[in-house]
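Listing of start05.pdb; format and content: PDB, C-alpha atoms.
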```pdb
ATOM      1  CA  MET A   1     -17.464 -26.563   9.630  1.00  0.00           C
ATOM      2  CA  SER A   2     -17.040 -25.214  13.170  1.00  0.00           C
ATOM      3  CA  VAL A   3     -13.263 -24.948  12.615  1.00  0.00           C
ATOM      4  CA  TYR A   4     -13.858 -22.452   9.783  1.00  0.00           C
ATOM      5  CA  VAL A   5     -16.218 -20.394  11.934  1.00  0.00           C
ATOM      6  CA  LEU A   6     -13.635 -20.301  14.725  1.00  0.00           C
ATOM      7  CA  PHE A   7     -10.968 -19.312  12.198  1.00  0.00           C
ATOM      8  CA  ALA A   8     -13.188 -16.517  10.829  1.00  0.00           C
ATOM      9  CA  LEU A   9     -13.900 -15.245  14.345  1.00  0.00           C
ATOM     10  CA  THR A  10     -10.160 -15.116  14.963  1.00  0.00           C
ATOM     11  CA  VAL A  11      -9.277 -13.392  11.686  1.00  0.00           C
ATOM     12  CA  LEU A  12     -12.030 -10.757  11.557  1.00  0.00           C
ATOM     13  CA  PRO A  13     -10.840  -8.708  14.574  1.00  0.00           C
ATOM     14  CA  LEU A  14      -7.356  -8.653  13.059  1.00  0.00           C
ATOM     15  CA  ILE A  15      -8.756  -7.358   9.787  1.00  0.00           C
ATOM     16  CA  PHE A  16     -10.689  -4.542  11.437  1.00  0.00           C
ATOM     17  CA  THR A  17      -7.768  -3.394  13.608  1.00  0.00           C
ATOM     18  CA  PRO A  18      -6.179  -0.192  12.226  1.00  0.00           C
ATOM     19  CA  GLY A  19      -2.699  -0.605  10.835  1.00  0.00           C
ATOM     20  CA  PRO A  20      -0.551   0.179   7.802  1.00  0.00           C
ATOM     21  CA  ASP A  21      -3.291  -0.940   5.424  1.00  0.00           C
ATOM     22  CA  MET A  22      -5.690   1.628   6.876  1.00  0.00           C
ATOM     23  CA  LEU A  23      -3.041   4.323   6.478  1.00  0.00           C
ATOM     24  CA  PHE A  24      -2.564   3.272   2.867  1.00  0.00           C
ATOM     25  CA  ILE A  25      -6.303   3.532   2.188  1.00  0.00           C
ATOM     26  CA  LEU A  26      -6.476   6.908   3.938  1.00  0.00           C
ATOM     27  CA  SER A  27      -3.557   8.214   1.872  1.00  0.00           C
ATOM     28  CA  GLN A  28      -5.285   7.103  -1.333  1.00  0.00           C
ATOM     29  CA  VAL A  29      -8.501   8.883  -0.361  1.00  0.00           C
ATOM     30  CA  MET A  30      -6.725  12.074   0.690  1.00  0.00           C
ATOM     31  CA  GLY A  31      -4.260  12.099  -2.190  1.00  0.00           C
ATOM     32  CA  LYS A  32      -6.655  11.162  -4.971  1.00  0.00           C
ATOM     33  CA  ASP A  33     -10.373  10.608  -4.470  1.00  0.00           C
ATOM     34  CA  ALA A  34     -12.982   8.275  -2.989  1.00  0.00           C
ATOM     35  CA  LYS A  35     -12.811   5.926  -5.976  1.00  0.00           C
ATOM     36  CA  ALA A  36      -9.091   5.374  -5.383  1.00  0.00           C
ATOM     37  CA  GLY A  37      -9.876   4.674  -1.738  1.00  0.00           C
ATOM     38  CA  MET A  38     -12.502   2.109  -2.696  1.00  0.00           C
ATOM     39  CA  MET A  39     -10.094   0.401  -5.093  1.00  0.00           C
ATOM     40  CA  ALA A  40      -7.421   0.313  -2.368  1.00  0.00           C
ATOM     41  CA  THR A  41      -9.960  -1.151   0.062  1.00  0.00           C
ATOM     42  CA  ILE A  42     -10.971  -3.835  -2.431  1.00  0.00           C
ATOM     43  CA  GLY A  43      -7.311  -4.683  -3.015  1.00  0.00           C
ATOM     44  CA  VAL A  44      -6.525  -4.944   0.694  1.00  0.00           C
ATOM     45  CA  CYS A  45      -9.608  -7.089   1.363  1.00  0.00           C
ATOM     46  CA  THR A  46      -8.754  -9.346  -1.587  1.00  0.00           C
ATOM     47  CA  GLY A  47      -5.273  -9.817  -0.144  1.00  0.00           C
ATOM     48  CA  TYR A  48      -6.763 -10.670   3.246  1.00  0.00           C
ATOM     49  CA  LEU A  49      -9.145 -13.153   1.656  1.00  0.00           C
ATOM     50  CA  LEU A  50      -6.401 -14.852  -0.349  1.00  0.00           C
ATOM     51  CA  HIS A  51      -4.084 -15.020   2.643  1.00  0.00           C
ATOM     52  CA  SER A  52      -6.829 -16.430   4.869  1.00  0.00           C
ATOM     53  CA  ILE A  53      -7.743 -19.091   2.318  1.00  0.00           C
ATOM     54  CA  LEU A  54      -4.099 -20.139   1.952  1.00  0.00           C
ATOM     55  CA  VAL A  55      -3.687 -20.365   5.716  1.00  0.00           C
ATOM     56  CA  ALA A  56      -6.913 -22.330   6.108  1.00  0.00           C
ATOM     57  CA  LEU A  57      -5.800 -24.802   3.451  1.00  0.00           C
ATOM     58  CA  GLY A  58      -2.417 -25.259   5.098  1.00  0.00           C
ATOM     59  CA  ILE A  59      -0.413 -23.947   2.155  1.00  0.00           C
ATOM     60  CA  ALA A  60       1.976 -22.188   4.555  1.00  0.00           C
ATOM     61  CA  ALA A  61       2.884 -25.531   6.142  1.00  0.00           C
ATOM     62  CA  ILE A  62       3.565 -27.008   2.719  1.00  0.00           C
ATOM     63  CA  ILE A  63       5.786 -24.089   1.725  1.00  0.00           C
ATOM     64  CA  VAL A  64       7.761 -24.259   4.972  1.00  0.00           C
ATOM     65  CA  SER A  65       8.266 -28.014   4.588  1.00  0.00           C
ATOM     66  CA  PHE A  66      10.045 -27.480   1.236  1.00  0.00           C
ATOM     67  CA  PRO A  67      13.072 -25.247   1.924  1.00  0.00           C
ATOM     68  CA  LEU A  68      13.857 -24.681  -1.764  1.00  0.00           C
ATOM     69  CA  LEU A  69      10.317 -23.478  -2.469  1.00  0.00           C
ATOM     70  CA  PHE A  70      10.397 -21.237   0.608  1.00  0.00           C
ATOM     71  CA  GLU A  71      13.748 -19.681  -0.385  1.00  0.00           C
ATOM     72  CA  THR A  72      12.545 -19.142  -3.968  1.00  0.00           C
ATOM     73  CA  ILE A  73       9.436 -17.313  -2.800  1.00  0.00           C
ATOM     74  CA  ARG A  74      11.509 -15.327  -0.333  1.00  0.00           C
ATOM     75  CA  TRP A  75      14.018 -14.186  -2.964  1.00  0.00           C
ATOM     76  CA  LEU A  76      11.235 -13.348  -5.404  1.00  0.00           C
ATOM     77  CA  GLY A  77       9.697 -11.179  -2.687  1.00  0.00           C
ATOM     78  CA  ILE A  78      13.017  -9.449  -2.071  1.00  0.00           C
ATOM     79  CA  ALA A  79      13.438  -8.807  -5.804  1.00  0.00           C
ATOM     80  CA  TYR A  80       9.919  -7.372  -6.027  1.00  0.00           C
ATOM     81  CA  LEU A  81      10.514  -5.044  -3.075  1.00  0.00           C
ATOM     82  CA  LEU A  82      13.776  -3.849  -4.612  1.00  0.00           C
ATOM     83  CA  TYR A  83      11.964  -3.231  -7.903  1.00  0.00           C
ATOM     84  CA  LEU A  84       9.366  -1.133  -6.056  1.00  0.00           C
ATOM     85  CA  ALA A  85      12.070   0.768  -4.151  1.00  0.00           C
ATOM     86  CA  PHE A  86      14.009   1.664  -7.286  1.00  0.00           C
ATOM     87  CA  GLY A  87      10.795   2.717  -9.014  1.00  0.00           C
ATOM     88  CA  LEU A  88       9.966   4.961  -6.061  1.00  0.00           C
ATOM     89  CA  LEU A  89      13.426   6.513  -6.050  1.00  0.00           C
ATOM     90  CA  LYS A  90      13.201   7.080  -9.786  1.00  0.00           C
ATOM     91  CA  SER A  91       9.847   8.830  -9.438  1.00  0.00           C
ATOM     92  CA  VAL A  92      11.098  10.970  -6.543  1.00  0.00           C
ATOM     93  CA  PHE A  93      14.018  12.281  -8.559  1.00  0.00           C
ATOM     94  CA  SER A  94      11.835  12.979 -11.590  1.00  0.00           C
ATOM     95  CA  THR A  95       9.279  14.733  -9.342  1.00  0.00           C
ATOM     96  CA  LYS A  96      11.978  16.939  -7.806  1.00  0.00           C
ATOM     97  CA  LYS A  97      12.906  18.136 -11.277  1.00  0.00           C
ATOM     98  CA  LEU A  98       9.269  18.997 -11.956  1.00  0.00           C
ATOM     99  CA  GLN A  99       8.988  20.816  -8.631  1.00  0.00           C
ATOM    100  CA  LEU A 100      12.086  22.864  -9.411  1.00  0.00           C
ATOM    101  CA  ASP A 101      10.542  23.850 -12.738  1.00  0.00           C
ATOM    102  CA  ARG A 102       7.257  24.800 -11.038  1.00  0.00           C
ATOM    103  CA  LYS A 103       8.952  26.912  -8.371  1.00  0.00           C
ATOM    104  CA  THR A 104       9.931  29.405 -11.018  1.00  0.00           C
ATOM    105  CA  GLU A 105       6.317  29.794 -12.111  1.00  0.00           C
ATOM    106  CA  ASN A 106       3.887  32.133 -10.390  1.00  0.00           C
ATOM    107  CA  ASN A 107       1.272  29.664  -9.147  1.00  0.00           C
ATOM    108  CA  PRO A 108      -1.969  31.360  -7.969  1.00  0.00           C
ATOM    109  CA  ILE A 109      -3.368  28.107  -6.537  1.00  0.00           C
ATOM    110  CA  LYS A 110      -0.513  27.867  -4.048  1.00  0.00           C
ATOM    111  CA  LYS A 111      -1.034  31.500  -3.079  1.00  0.00           C
ATOM    112  CA  ARG A 112      -4.750  30.894  -2.463  1.00  0.00           C
ATOM    113  CA  LEU A 113      -3.983  27.857  -0.300  1.00  0.00           C
ATOM    114  CA  PHE A 114      -1.387  29.846   1.604  1.00  0.00           C
ATOM    115  CA  TYR A 115      -3.803  32.693   2.328  1.00  0.00           C
ATOM    116  CA  ARG A 116      -6.618  30.301   3.207  1.00  0.00           C
ATOM    117  CA  THR A 117      -4.473  28.590   5.836  1.00  0.00           C
ATOM    118  CA  ILE A 118      -3.470  31.921   7.346  1.00  0.00           C
ATOM    119  CA  LYS A 119      -7.141  32.964   7.715  1.00  0.00           C
ATOM    120  CA  SER A 120      -8.163  29.771   9.497  1.00  0.00           C
TER     121      SER A 120
END
```

This structure in structure tokens:
Amino acid sequence: MSVYVLFALTVLPLIFTPGPDMLFILSQVMGKDAKAGMMATIGVCTGYLLHSILVALGIAAIIVSFPLLFETIRWLGIAYLLYLAFGLLKSVFSTKKLQLDRKTENNPIKKRLFYRTIKS
């Protein structure tokens, strides 16, 4: 049991160190609301928990010892990242079209934000 305690003491400082996951959570809170931030936090912590359990069980050593399994997981990861990238590009181009349509409108909210930032 002491091995698990030592492992937890090693992992916990890494979890609480700021990094890209903290920036992701902050962007969710600022871009949406506190509920989105809580959901992002739960998702990140669940990922940490799953990863820590897999490492503690030695699953990584098993995956590395089977090159075909490792390559399959690697290529699936690459395919998933490409899927996310194309989805992001698709949403960016559809958002630009919406922004071009909105630029022609007279938006009083943008004017209020503009004047508020000048006053401060």

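Going from CA of Leu68 (chain A) to CA of Gly47 (chain A) covers 24.3 Å.
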
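Distances to Gln28 (chain A) were evaluated for A:Ser91, A:Thr41, A:Thr10, A:Ser2 using all atoms listed in the file, and the minimum falls at A:Thr41.
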
Just so the selection is clear, what residues does the PyMOL selection byres ((chain A and resi 51-61) around 10) cover here, as a short mmCIF file (atom, residue, chain, number, x, y, z; two decimals) with C-alpha atoms, keeping the file's coordinate frame?
```cif
data_model
loop_
_atom_site.label_atom_id
_atom_site.label_comp_id
_atom_site.auth_asym_id
_atom_site.auth_seq_id
_atom_site.Cartn_x
_atom_site.Cartn_y
_atom_site.Cartn_z
CA VAL A 3 -13.26 -24.95 12.62
CA TYR A 4 -13.86 -22.45 9.78
CA PHE A 7 -10.97 -19.31 12.20
CA ALA A 8 -13.19 -16.52 10.83
CA VAL A 11 -9.28 -13.39 11.69
CA CYS A 45 -9.61 -7.09 1.36
CA THR A 46 -8.75 -9.35 -1.59
CA GLY A 47 -5.27 -9.82 -0.14
CA TYR A 48 -6.76 -10.67 3.25
CA LEU A 49 -9.14 -13.15 1.66
CA LEU A 50 -6.40 -14.85 -0.35
CA ILE A 62 3.56 -27.01 2.72
CA ILE A 63 5.79 -24.09 1.72
CA VAL A 64 7.76 -24.26 4.97
CA SER A 65 8.27 -28.01 4.59
CA PHE A 66 10.04 -27.48 1.24
CA PHE A 70 10.40 -21.24 0.61
#
```

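The interatomic distance for the pair CA of Phe93 (chain A) and CA of Met39 (chain A) works out to 27.1 Å.
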
Expansion of the PyMOL selection byres ((chain A and resi 40) around 12) into residues, as a ChimeraX atom specification: /A:21-29,32-39,41-47

Two-atom distance - CA of Leu84 (chain A), CA of Pro67 (chain A) (Å): 25.7 Å

Take every atom of region 88-94 of chain A listed in the file, pad by 3 Å on each side, and give me the axis-aligned box centre and edge lengths in Å, one decimal, as AutoDock Vina command-line options.
```
--center_x 11.9 --center_y 9.0 --center_z -8.8 --size_x 10.2 --size_y 14.0 --size_z 11.5
```
